[in-house]
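Engineer: model39.cif is reproduced in full below (mmCIF, C-alpha atoms).
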```cif
data_upload
#
loop_
_atom_site.label_atom_id
_atom_site.label_comp_id
_atom_site.auth_asym_id
_atom_site.auth_seq_id
_atom_site.Cartn_x
_atom_site.Cartn_y
_atom_site.Cartn_z
CA MET X 1 75.30 85.23 0.28
CA ALA X 2 74.11 82.29 2.33
CA THR X 3 76.20 81.42 5.38
CA TYR X 4 76.67 78.15 7.25
CA TYR X 5 75.14 79.76 10.33
CA GLY X 6 72.24 81.06 8.30
CA THR X 7 71.56 77.64 6.78
CA TYR X 8 72.15 75.35 9.79
CA GLY X 9 71.64 77.71 12.72
CA GLN X 10 75.03 76.73 14.15
CA LYS X 11 78.57 77.99 13.80
CA VAL X 12 81.31 75.80 12.35
CA GLN X 13 83.42 74.41 15.20
CA TYR X 14 86.87 76.03 15.43
CA LEU X 15 89.28 73.35 16.67
CA ALA X 16 93.06 73.12 17.04
CA SER X 17 92.96 69.44 16.00
CA ASP X 18 90.51 67.02 14.44
CA PRO X 19 87.98 65.59 16.93
CA SER X 20 88.78 62.03 18.04
CA ASP X 21 85.33 60.64 17.24
CA PRO X 22 83.61 62.90 14.72
CA GLN X 23 79.99 62.18 13.85
CA ILE X 24 78.64 61.77 10.32
CA GLY X 25 77.77 65.22 9.03
CA GLN X 26 79.98 67.03 11.55
CA VAL X 27 81.81 70.04 10.10
CA TRP X 28 84.77 71.78 11.75
CA TYR X 29 87.61 74.15 10.98
CA ASN X 30 91.07 72.85 11.86
CA SER X 31 92.96 76.00 12.82
CA THR X 32 96.33 74.24 12.83
CA SER X 33 96.11 73.06 9.22
CA ALA X 34 93.82 75.92 8.23
CA THR X 35 91.37 73.51 6.59
CA LEU X 36 87.62 73.06 6.68
CA LYS X 37 86.71 69.42 7.28
CA VAL X 38 83.62 67.24 7.20
CA ARG X 39 82.89 63.71 8.36
CA GLU X 40 80.84 61.86 5.75
CA LEU X 41 80.00 58.42 4.42
CA ALA X 42 82.06 57.42 1.40
CA THR X 43 81.60 54.54 -1.01
CA VAL X 44 84.50 52.09 -0.86
CA ASN X 45 83.20 48.86 -2.43
CA ALA X 46 86.46 46.99 -2.00
CA TRP X 47 87.94 43.86 -0.46
CA ALA X 48 90.84 43.84 2.00
CA SER X 49 92.78 40.94 3.43
CA GLY X 50 91.80 39.85 6.93
CA GLY X 51 93.16 37.46 9.51
CA ALA X 52 93.52 33.94 8.15
CA LEU X 53 91.49 30.99 9.39
CA PRO X 54 93.53 28.76 11.73
CA GLY X 55 93.55 26.08 9.05
CA VAL X 56 92.47 25.59 5.47
CA ARG X 57 88.71 25.07 5.09
CA SER X 58 86.14 24.83 2.33
CA VAL X 59 82.35 24.35 2.17
CA GLN X 60 82.03 25.79 5.69
CA GLY X 61 79.05 27.37 7.32
CA GLY X 62 79.13 31.10 7.95
CA ALA X 63 77.10 33.65 9.89
CA GLY X 64 77.46 37.12 11.35
CA ALA X 65 76.41 40.67 10.69
CA SER X 66 79.58 42.19 9.27
CA SER X 67 83.32 41.97 8.73
CA LEU X 68 83.68 42.83 12.42
CA SER X 69 81.45 40.07 13.74
CA ALA X 70 81.36 36.69 12.05
CA LEU X 71 81.17 32.99 12.78
CA ALA X 72 82.57 30.02 10.84
CA PHE X 73 81.60 26.45 11.58
CA GLY X 74 81.96 22.94 10.24
CA GLY X 75 83.26 22.51 6.73
CA PHE X 76 85.96 20.38 5.23
CA SER X 77 89.66 20.66 6.01
CA ALA X 78 92.17 19.34 3.53
CA THR X 79 91.22 15.78 4.53
CA SER X 80 88.04 15.57 6.62
CA ALA X 81 84.88 17.19 7.92
CA VAL X 82 85.28 19.21 11.10
CA THR X 83 83.05 20.29 14.01
CA GLU X 84 84.93 23.42 15.05
CA THR X 85 83.39 26.85 15.59
CA LEU X 86 85.44 29.98 14.94
CA SER X 87 84.68 33.59 15.82
CA TYR X 88 86.03 36.64 13.92
CA ASN X 89 86.40 40.01 15.64
CA GLY X 90 87.48 42.20 12.73
CA SER X 91 91.09 41.16 12.74
CA ALA X 92 91.54 37.53 13.85
CA TRP X 93 89.75 34.20 14.23
CA THR X 94 89.42 32.54 17.63
CA THR X 95 88.55 28.88 18.07
CA LEU X 96 85.56 28.64 20.41
CA PRO X 97 85.02 25.83 22.90
CA ALA X 98 81.66 25.02 21.27
CA THR X 99 81.76 22.25 18.68
CA MET X 100 78.97 21.10 16.40
CA GLY X 101 77.28 17.88 17.44
CA THR X 102 77.82 16.48 13.96
CA ALA X 103 80.67 17.34 11.59
CA VAL X 104 78.93 18.63 8.49
CA TYR X 105 79.86 20.49 5.31
CA SER X 106 78.06 21.94 2.27
CA MET X 107 75.21 22.93 4.55
CA GLY X 108 72.93 25.94 4.51
CA SER X 109 74.04 28.50 7.08
CA CYS X 110 72.83 31.85 8.36
CA GLY X 111 72.30 33.95 11.47
CA THR X 112 74.54 36.02 13.65
CA GLN X 113 77.79 35.53 15.55
CA THR X 114 75.81 34.52 18.65
CA ALA X 115 72.78 32.80 17.08
CA ALA X 116 73.53 30.70 14.02
CA LEU X 117 71.85 27.95 12.05
CA SER X 118 73.22 24.99 10.12
CA ALA X 119 70.77 22.94 8.04
CA GLY X 120 71.31 19.95 5.81
CA GLY X 121 74.72 19.32 4.29
CA ALA X 122 76.84 16.21 4.11
CA THR X 123 78.69 14.21 6.72
CA THR X 124 80.35 11.63 4.53
CA PRO X 125 81.02 11.40 0.82
CA GLY X 126 77.80 10.92 -1.09
CA ALA X 127 75.60 11.38 1.96
CA VAL X 128 72.97 14.06 2.34
CA GLN X 129 71.61 15.18 5.67
CA SER X 130 68.33 16.50 7.01
CA LEU X 131 69.64 17.56 10.41
CA THR X 132 69.40 21.03 11.91
CA GLN X 133 72.03 22.39 14.28
CA VAL X 134 71.61 25.62 16.22
CA TYR X 135 74.26 27.75 17.97
CA ASN X 136 73.11 29.98 20.84
CA GLY X 137 76.33 31.88 21.48
CA THR X 138 77.61 29.28 23.88
CA SER X 139 76.94 25.82 22.50
CA TRP X 140 75.44 23.88 19.63
CA SER X 141 72.26 21.85 19.94
CA THR X 142 70.51 19.52 17.54
CA PRO X 143 66.77 20.19 17.76
CA PRO X 144 64.37 17.51 16.54
CA ALA X 145 63.44 19.63 13.51
CA ALA X 146 64.53 17.77 10.40
CA LEU X 147 64.34 18.90 6.81
CA ASN X 148 61.61 17.27 4.79
CA THR X 149 64.09 16.93 1.93
CA ALA X 150 67.63 15.96 2.93
CA ARG X 151 70.16 17.81 0.81
CA ARG X 152 73.57 19.42 0.57
CA LEU X 153 75.06 22.32 -1.41
CA THR X 154 72.06 24.37 -0.35
CA GLY X 155 71.60 28.02 0.63
CA ALA X 156 70.06 29.56 3.74
CA VAL X 157 68.60 32.96 4.58
CA GLY X 158 67.48 34.46 7.88
CA THR X 159 68.08 33.76 11.55
CA SER X 160 68.54 30.75 13.80
CA SER X 161 64.81 30.77 14.59
CA ALA X 162 63.26 31.96 11.30
CA ALA X 163 65.02 30.79 8.18
CA LEU X 164 64.59 29.70 4.60
CA LEU X 165 66.55 26.81 3.08
CA VAL X 166 66.76 27.12 -0.69
CA ALA X 167 67.35 24.36 -3.26
CA GLY X 168 70.40 22.03 -3.14
CA ALA X 169 71.42 18.54 -4.20
CA THR X 170 69.69 15.35 -2.98
CA PRO X 171 72.23 14.50 -4.64
CA SER X 172 70.24 15.37 -7.79
CA ALA X 173 69.56 19.08 -8.22
CA THR X 174 66.39 20.20 -6.51
CA GLY X 175 64.43 23.44 -6.34
CA VAL X 176 62.81 22.50 -3.03
CA VAL X 177 62.53 25.35 -0.53
CA GLU X 178 61.66 24.98 3.15
CA SER X 179 60.82 27.55 5.81
CA TYR X 180 61.89 27.20 9.48
CA ASN X 181 59.90 28.73 12.34
CA GLY X 182 62.26 27.73 15.13
CA THR X 183 60.49 24.42 15.65
CA THR X 184 59.77 22.76 12.32
CA TRP X 185 60.66 22.96 8.64
CA SER X 186 57.74 23.34 6.22
CA PRO X 187 57.90 23.09 2.43
CA VAL X 188 57.02 26.27 0.60
CA THR X 189 56.96 27.16 -3.10
CA SER X 190 59.94 25.75 -5.00
CA LEU X 191 62.37 27.79 -7.10
CA ASN X 192 61.47 28.24 -10.75
CA THR X 193 64.96 27.07 -11.73
CA THR X 194 66.19 23.88 -10.08
CA ARG X 195 69.80 24.20 -8.99
CA TYR X 196 72.42 23.54 -6.32
CA ALA X 197 75.55 25.17 -4.91
CA LEU X 198 73.85 28.55 -5.10
CA ALA X 199 74.37 31.69 -3.05
CA THR X 200 71.65 33.48 -1.13
CA SER X 201 71.01 36.87 0.43
CA LYS X 202 71.94 35.38 3.79
CA GLY X 203 71.14 38.55 5.70
CA GLY X 204 67.53 38.55 4.49
CA THR X 205 64.49 36.94 6.07
CA ASN X 206 62.37 33.86 5.47
CA THR X 207 59.82 36.11 3.78
CA ALA X 208 62.18 38.24 1.65
CA ALA X 209 65.16 36.56 0.02
CA LEU X 210 67.23 36.05 -3.11
CA ALA X 211 68.48 32.81 -4.72
CA ILE X 212 71.63 33.55 -6.71
CA GLY X 213 73.41 31.53 -9.40
CA GLY X 214 74.39 27.91 -8.75
CA TRP X 215 74.79 24.81 -10.89
CA LEU X 216 72.04 23.62 -13.27
CA PRO X 217 74.45 21.59 -13.66
CA GLY X 218 76.03 24.25 -15.94
CA ALA X 219 76.89 27.50 -14.21
CA SER X 220 73.82 29.66 -13.75
CA ALA X 221 73.40 33.43 -13.62
CA SER X 222 69.75 33.11 -12.66
CA THR X 223 68.47 35.19 -9.76
CA GLU X 224 65.08 34.68 -8.13
CA SER X 225 63.36 36.85 -5.55
CA TRP X 226 61.12 35.48 -2.76
CA ASN X 227 58.28 37.55 -1.31
CA GLY X 228 57.09 35.08 1.29
CA SER X 229 54.79 33.16 -1.03
CA ALA X 230 56.30 32.99 -4.53
CA TRP X 231 59.60 33.13 -6.41
CA THR X 232 59.97 35.61 -9.24
CA THR X 233 62.78 35.44 -11.78
CA VAL X 234 64.58 38.77 -11.80
CA ASN X 235 67.66 40.14 -13.59
CA SER X 236 70.58 37.71 -13.80
CA LEU X 237 74.14 37.93 -12.55
CA ASN X 238 76.65 39.32 -15.04
CA THR X 239 78.93 36.33 -14.38
CA ALA X 240 77.24 32.91 -14.29
CA ARG X 241 78.75 30.76 -11.55
CA GLY X 242 78.21 27.86 -9.18
CA SER X 243 79.93 26.40 -6.11
CA MET X 244 78.74 29.28 -3.93
CA SER X 245 76.85 27.33 -1.25
CA GLY X 246 77.43 29.05 2.10
CA SER X 247 78.13 32.45 0.58
CA GLY X 248 76.23 35.58 -0.37
CA SER X 249 75.42 38.57 1.79
CA GLY X 250 72.80 41.23 2.28
CA THR X 251 69.10 41.31 1.70
CA GLN X 252 66.48 40.93 -1.00
CA THR X 253 66.94 44.55 -2.04
CA SER X 254 70.64 45.09 -1.32
CA ALA X 255 72.82 42.03 -1.81
CA LEU X 256 76.36 41.01 -2.58
CA ALA X 257 77.57 38.00 -4.61
CA PHE X 258 81.23 37.04 -4.82
CA GLY X 259 83.50 34.19 -5.77
CA GLY X 260 82.36 30.90 -7.22
CA GLU X 261 83.27 28.62 -10.10
CA VAL X 262 82.58 29.55 -13.69
CA ASN X 263 81.73 26.98 -16.32
CA ALA X 264 85.11 25.31 -16.80
CA PRO X 265 85.64 22.94 -13.83
CA GLY X 266 88.13 24.28 -11.33
CA ASN X 267 87.98 27.76 -12.82
CA ALA X 268 87.61 29.97 -9.78
CA THR X 269 86.42 33.55 -9.97
CA GLY X 270 86.74 36.43 -7.57
CA ALA X 271 84.12 38.47 -9.39
CA THR X 272 81.98 40.56 -7.08
CA GLU X 273 78.56 41.92 -7.95
CA LEU X 274 76.16 44.27 -6.16
CA TRP X 275 72.36 43.94 -6.29
CA ASN X 276 70.29 47.10 -5.89
CA GLY X 277 66.87 45.49 -5.81
CA THR X 278 66.56 45.52 -9.59
CA SER X 279 69.83 44.52 -11.23
CA TRP X 280 73.39 43.33 -10.61
CA THR X 281 76.41 45.58 -11.18
CA SER X 282 79.91 44.14 -11.56
CA ASN X 283 82.24 45.73 -9.04
CA PRO X 284 85.64 46.83 -10.38
CA ASN X 285 87.37 45.21 -7.41
CA SER X 286 87.25 41.41 -7.09
CA LEU X 287 88.33 39.08 -4.31
CA GLY X 288 92.12 39.14 -4.03
CA THR X 289 92.12 35.35 -4.11
CA ALA X 290 89.64 33.91 -6.60
CA ARG X 291 87.95 30.83 -5.13
CA TYR X 292 84.83 28.75 -4.83
CA ASN X 293 83.20 26.69 -2.09
CA LEU X 294 83.92 29.66 0.15
CA ALA X 295 81.74 30.80 3.03
CA SER X 296 80.63 34.20 4.17
CA ALA X 297 79.05 36.20 6.92
CA SER X 298 75.36 36.96 6.47
CA GLY X 299 76.56 40.52 6.30
CA SER X 300 75.24 43.31 4.17
CA GLN X 301 76.25 45.25 1.09
CA THR X 302 77.99 47.63 3.49
CA SER X 303 80.09 45.09 5.35
CA SER X 304 80.74 41.40 4.98
CA LEU X 305 83.38 38.70 5.20
CA ALA X 306 84.51 35.92 2.83
CA PHE X 307 86.63 33.07 4.13
CA GLY X 308 88.14 29.73 3.16
CA GLY X 309 87.36 28.01 -0.11
CA TYR X 310 89.13 26.24 -2.93
CA THR X 311 91.19 28.08 -5.55
CA GLY X 312 91.17 25.23 -8.03
CA THR X 313 94.63 24.30 -6.83
CA ALA X 314 94.41 24.33 -3.05
CA VAL X 315 92.04 24.69 -0.13
CA VAL X 316 92.86 28.02 1.51
CA ALA X 317 92.57 29.80 4.85
CA ASN X 318 92.28 33.29 3.37
CA THR X 319 89.84 35.78 4.83
CA GLU X 320 88.78 38.92 3.01
CA GLU X 321 86.81 41.82 4.43
CA TRP X 322 84.27 43.70 2.32
CA THR X 323 83.56 47.35 2.96
CA GLY X 324 80.85 49.04 0.93
CA ILE X 325 80.56 52.31 2.78
CA GLU X 326 82.69 53.76 5.54
CA ALA X 327 82.98 57.01 7.43
CA GLN X 328 85.80 59.24 6.20
CA THR X 329 87.04 62.70 7.11
CA LYS X 330 87.43 64.91 4.07
CA THR X 331 88.86 68.34 3.55
CA VAL X 332 86.42 70.76 2.00
CA THR X 333 87.78 72.96 -0.74
CA VAL X 334 86.34 76.45 -0.63
CA SER X 335 86.95 79.43 -2.81
CA MET A 336 95.48 45.29 -19.69
CA ALA A 337 99.17 44.75 -18.98
CA TYR A 338 100.23 43.25 -15.66
CA LYS A 339 103.27 42.90 -13.45
CA TYR A 340 104.00 40.14 -10.95
CA CYS A 341 105.62 39.68 -7.59
CA VAL A 342 105.96 37.03 -4.93
CA ALA A 343 104.92 37.93 -1.40
CA GLU A 344 103.50 35.98 1.51
CA CYS A 345 100.09 37.16 2.64
CA TRP A 346 100.25 37.83 6.39
CA GLY A 347 96.51 38.47 6.68
CA LYS A 348 95.06 41.72 8.00
CA GLY A 349 96.67 44.72 6.37
CA PHE A 350 98.29 42.83 3.51
CA ILE A 351 95.79 44.27 1.05
CA THR A 352 93.79 47.19 2.45
CA HIS A 353 90.54 48.71 1.24
CA SER A 354 92.57 51.71 0.18
CA ASP A 355 94.76 49.45 -1.97
CA SER A 356 91.79 47.61 -3.50
CA SER A 357 89.87 50.74 -4.31
CA LYS A 358 92.78 52.02 -6.43
CA TYR A 359 93.81 48.85 -8.30
CA GLN A 360 93.13 45.11 -8.39
CA VAL A 361 95.56 42.74 -6.68
CA SER A 362 94.97 39.11 -7.73
CA GLY A 363 96.56 36.12 -6.05
CA PHE A 364 97.80 32.93 -7.70
CA PRO A 365 99.36 29.71 -6.40
CA GLY A 366 102.87 30.03 -5.03
CA ASN A 367 102.21 33.43 -3.42
CA VAL A 368 102.29 35.04 -6.85
CA TRP A 369 100.44 38.36 -6.99
CA GLN A 370 99.36 40.14 -10.14
CA ILE A 371 99.02 43.93 -10.26
CA PRO A 372 98.39 46.34 -13.11
CA ALA A 373 101.49 47.54 -14.92
CA ASN A 374 102.31 51.24 -14.99
CA ASN A 375 100.49 51.92 -11.75
CA GLN A 376 102.53 53.82 -9.17
CA ASP A 377 100.19 52.94 -6.30
CA ALA A 378 100.44 49.25 -7.13
CA ASN A 379 104.23 49.53 -7.26
CA LEU A 380 104.16 51.06 -3.79
CA TRP A 381 102.00 48.16 -2.58
CA VAL A 382 104.64 45.67 -3.76
CA ASN A 383 107.17 47.66 -1.76
CA LYS A 384 104.87 47.64 1.28
CA VAL A 385 104.48 43.85 1.26
CA ALA A 386 108.20 43.33 0.57
CA GLY A 387 107.29 41.65 -2.70
CA ILE A 388 109.97 40.24 -4.95
CA TRP A 389 109.43 41.24 -8.55
CA LYS A 390 109.13 38.45 -11.08
CA THR A 391 108.93 38.53 -14.82
CA LYS A 392 105.81 37.03 -16.32
CA ALA A 393 107.82 33.93 -17.32
CA GLU A 394 109.21 33.55 -13.82
CA ALA A 395 105.79 34.00 -12.27
CA GLN A 396 104.28 31.49 -14.69
CA ALA A 397 106.99 28.96 -13.79
CA ILE A 398 106.16 29.32 -10.09
CA VAL A 399 102.45 28.88 -10.74
CA ASP A 400 103.12 25.90 -13.02
CA ALA A 401 105.21 24.21 -10.33
CA GLU A 402 102.44 24.70 -7.78
CA VAL A 403 99.80 23.34 -10.12
CA THR A 404 101.97 20.35 -11.02
CA ALA A 405 102.52 19.59 -7.34
CA ALA A 406 98.79 19.93 -6.65
CA GLN A 407 98.00 17.62 -9.58
CA ALA A 408 100.46 15.03 -8.27
CA ALA A 409 98.90 15.28 -4.80
CA TRP A 410 95.47 14.84 -6.35
CA ASP A 411 96.57 11.84 -8.41
CA ALA A 412 97.94 10.20 -5.27
CA LEU A 413 94.61 10.44 -3.44
CA PRO A 414 92.58 7.26 -3.00
CA ASP A 415 89.64 7.10 -5.36
CA GLU A 416 87.13 7.44 -2.52
CA GLN A 417 88.64 10.78 -1.54
CA LYS A 418 88.58 12.02 -5.13
CA GLN A 419 84.87 11.26 -5.20
CA GLN A 420 84.05 13.26 -2.09
CA PRO A 421 81.31 15.72 -2.96
CA ILE A 422 83.14 18.82 -1.87
CA GLY A 423 83.56 20.33 -5.29
CA ARG A 424 87.24 19.64 -5.76
CA GLN A 425 88.63 18.43 -9.04
CA ARG A 426 92.06 17.67 -10.39
CA PRO A 427 93.77 21.07 -10.57
CA THR A 428 94.02 22.51 -14.04
CA ALA A 429 96.69 24.67 -15.60
CA ILE A 430 96.61 28.40 -14.95
CA VAL A 431 97.83 30.76 -17.66
CA LEU A 432 98.80 34.20 -16.44
CA GLU A 433 97.63 37.12 -18.54
#
```
Let's see the structure in the file written out as C-alpha cells.
Structural biologist:
Amino acid sequence: MATYYGTYGQKVQYLASDPSDPQIGQVWYNSTSATLKVRELATVNAWASGGALPGVRSVQGGAGASSLSALAFGGFSATSAVTETLSYNGSAWTTLPATMGTAVYSMGSCGTQTAALSAGGATTPGAVQSLTQVYNGTSWSTPPAALNTARRLTGAVGTSSAALLVAGATPSATGVVESYNGTTWSPVTSLNTTRYALATSKGGTNTAALAIGGWLPGASASTESWNGSAWTTVNSLNTARGSMSGSGSGTQTSALAFGGEVNAPGNATGATELWNGTSWTSNPNSLGTARYNLASASGSQTSSLAFGGYTGTAVVANTEEWTGIEAQTKTVTVS
Amino acid sequence: MAYKYCVAECWGKGFITHSDSSKYQVSGFPGNVWQIPANNQDANLWVNKVAGIWKTKAEAQAIVDAEVTAAQAAWDALPDEQKQQPIGRQRPTAIVLE
C-alpha cells in the first residue's frame, strides 16, 4: 500500500492545533481533533456585501486588482458629477485627498489602485469628452493626450500607460477603438458590432481584450475578442444587457461580466457570467442588488469588486465583493 | 421557485457573506426588502443573522410599491434638463415580486 511518506518523501505534520498560516497543499494531522487536514484552493464563485461607498454613485470609474484593492473615481451622485477619488481596502472606502481635474462620468476606466486611467466620458448633459486623466497614486493629472473620437459610455482595458478604449457613444453609437501608449491615443481596428455602454475585460491589455454586451441600441449579448490587430466575434453572453460602461473584470481568456440593464428600460439585472476563453457560463449566484451603470475593479475572475449603480429605482452606494477561488482548510476523510 | 421575504438594513461588509451566497441567492429590492428561497434552512438562519423582519409576499410587495411610487414622484418633480441627463436613468417602473 502506498504511503504519504512513500509518495511525497515527507511525513505528515503532527500538530496539536491547526497552523496559523497554512500554505496551499500543506497537509497536517490535528491531534486534538484527531483529524487529517489539508489546505487547498476551493471554488467559491459568489458575491458578498462589502463596505458601502460614502455616498450614492453611478457611472463611476473603477480600477484595482481585486476586492482587496480598488479605486473609484468621478461618476454621478444623485444630482451632479463629482471629482472625488475613493480607495477600498477590502472592507471600507476612504476618500483620498486627490481629486480629478475635471468631474467626469460614463468614462472608460482601468488600471490599478495606484495607477489608474480615465478616458472620455461626459461632463455635462449631452456633452462628450476626449480628455484623458491619469492617477499616479497621489494625484490626478491631465496629460495632453486627447482621444481622436470624443465619446462617453465607453469601455477601457489595460493600465494607465497602455490601454485600449473600446466603442461608446458620440452620442451616436460607435465602434471606434483607440490604443493608448502613455503619450498618445491612436485609432486601431473598430469593433465588428457598433455599440455603447458595454463592459470590457478591464484587467486585460491593449493587445488582448474582450468587448462585452452593450446597447445596439437594443441590449446586446455580443462578445468580441481583440488580439492586438483585429476583433473576432466569439460566443455571446447568455443574458443580453447594456448599461455596463465602467464594469467587467478579468482578461481576454478569463473574464467576469455582471449587472447591467436588460431590454426593458430600467430593468436591472444582477446576472453574473464567467468567460473561460471560449464561452460564457451563467453563475448560480447573482449580485445581491441588481443594478446597472455600476463600476468595478479591473480585477480578475478570482477576485473583483462591484460598486454603485442604479437599481431602476434609486442610485445606490452598495459594494459587493466577488470571490472566485479562495484558500480553505478541509478535513480529509480516510477509511 | 418559491420565495420568502424579509426587511433588513444592509450594513455593508458581512451582511451577505460568500458562504451565504454560495448556498442560496439573496436578492435585494427597494425598501430594504430581501428575497430568499423558501424552504431553505440556511437562508432562514441568514434572516436571523441580519435581524430581518419577516414579511408576507403581499407586505413585501406593498413596501416595494411605496418605494417605487416615491421614486416616480421624485422623478416627475425633476426639471426636464435633469431628466435628459445622459446617465442612463429613466422614470422608475413597477417591480413585481415573484
Engineer: Using all atoms listed in the file, find each residue of chain X with at least one atom at most 6 Å away from an atom of chain A; report its shortest atom-to-atom pair and that distance in Å (one decimal), sort the rows by chain and rising residue number, and return the result as a Markdown table.
Structural biologist:
```
| residue | atom | partner | partner_atom | distance |
| --- | --- | --- | --- | --- |
| X:Ala46 | CA | A:His353 | CA | 5.5 |
| X:Trp47 | CA | A:His353 | CA | 5.8 |
| X:Ala48 | CA | A:Thr352 | CA | 4.5 |
| X:Ser49 | CA | A:Ile351 | CA | 5.1 |
| X:Gly50 | CA | A:Lys348 | CA | 3.9 |
| X:Gly51 | CA | A:Gly347 | CA | 4.5 |
| X:Ala52 | CA | A:Gly347 | CA | 5.6 |
| X:Pro125 | CA | A:Gln420 | CA | 4.6 |
| X:Asn285 | CA | A:Gln360 | CA | 5.8 |
| X:Gly288 | CA | A:Ser362 | CA | 4.7 |
| X:Thr289 | CA | A:Gly363 | CA | 4.9 |
| X:Gly312 | CA | A:Pro427 | CA | 5.5 |
| X:Thr313 | CA | A:Pro427 | CA | 5.0 |
```
Engineer: When you draw a straight line from CA of Pro217 (chain X) to CA of Arg195 (chain X), how long is it in Å?
Structural biologist: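 Taking CA of Pro217 (chain X) as the start and CA of Arg195 (chain X) as the end point, the length is 7.1 Å.
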Engineer: Compile the contact shell of Ala221 (chain X) as a list in words: residues with an atom at most 8 Å away, counting all atoms listed in the file, same-chain residues fewer than 2 positions apart removed.
Structural biologist: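 That gives Ile212, Gly213, Gly214, Ala219, Thr223, Ser236, Leu237, Asn238, Thr239, Ala240 and Arg241 of chain X.
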Engineer: How many Å lie between CA of Ser161 (chain X) and CA of Gly111 (chain X), rounded to one decimal?
Structural biologist: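 Straight-line distance from CA of Ser161 (chain X) to CA of Gly111 (chain X) works out to 8.7 Å.
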Engineer: For Thr132 (chain X), which of X:Thr94, X:Asn293, X:Thr281, X:Ser160 is the closest residue, counting only C-alpha atoms?
Structural biologist: X:Ser160
Engineer: At most 12 Å from (104.6, 34.0, -15.4), file frame, all atoms listed in the file: which residues, as a ChimeraX atom specification?
Structural biologist: /A:338-342,364-366,368-370,389-401,430-433
Engineer: May I have the centre and edge lengths, in Å to one decimal, of an axis-aligned box around the listed atoms of region 127-137 of chain X with 3 Å added to every side, as JSON?
Structural biologist:
```
{"center_x": 72.3, "center_y": 21.6, "center_z": 11.7, "size_x": 14.0, "size_y": 26.5, "size_z": 25.5}
```
Engineer: By how many Å are CA of Pro54 (chain X) and CA of Leu96 (chain X) apart?
Structural biologist: 11.8 Å
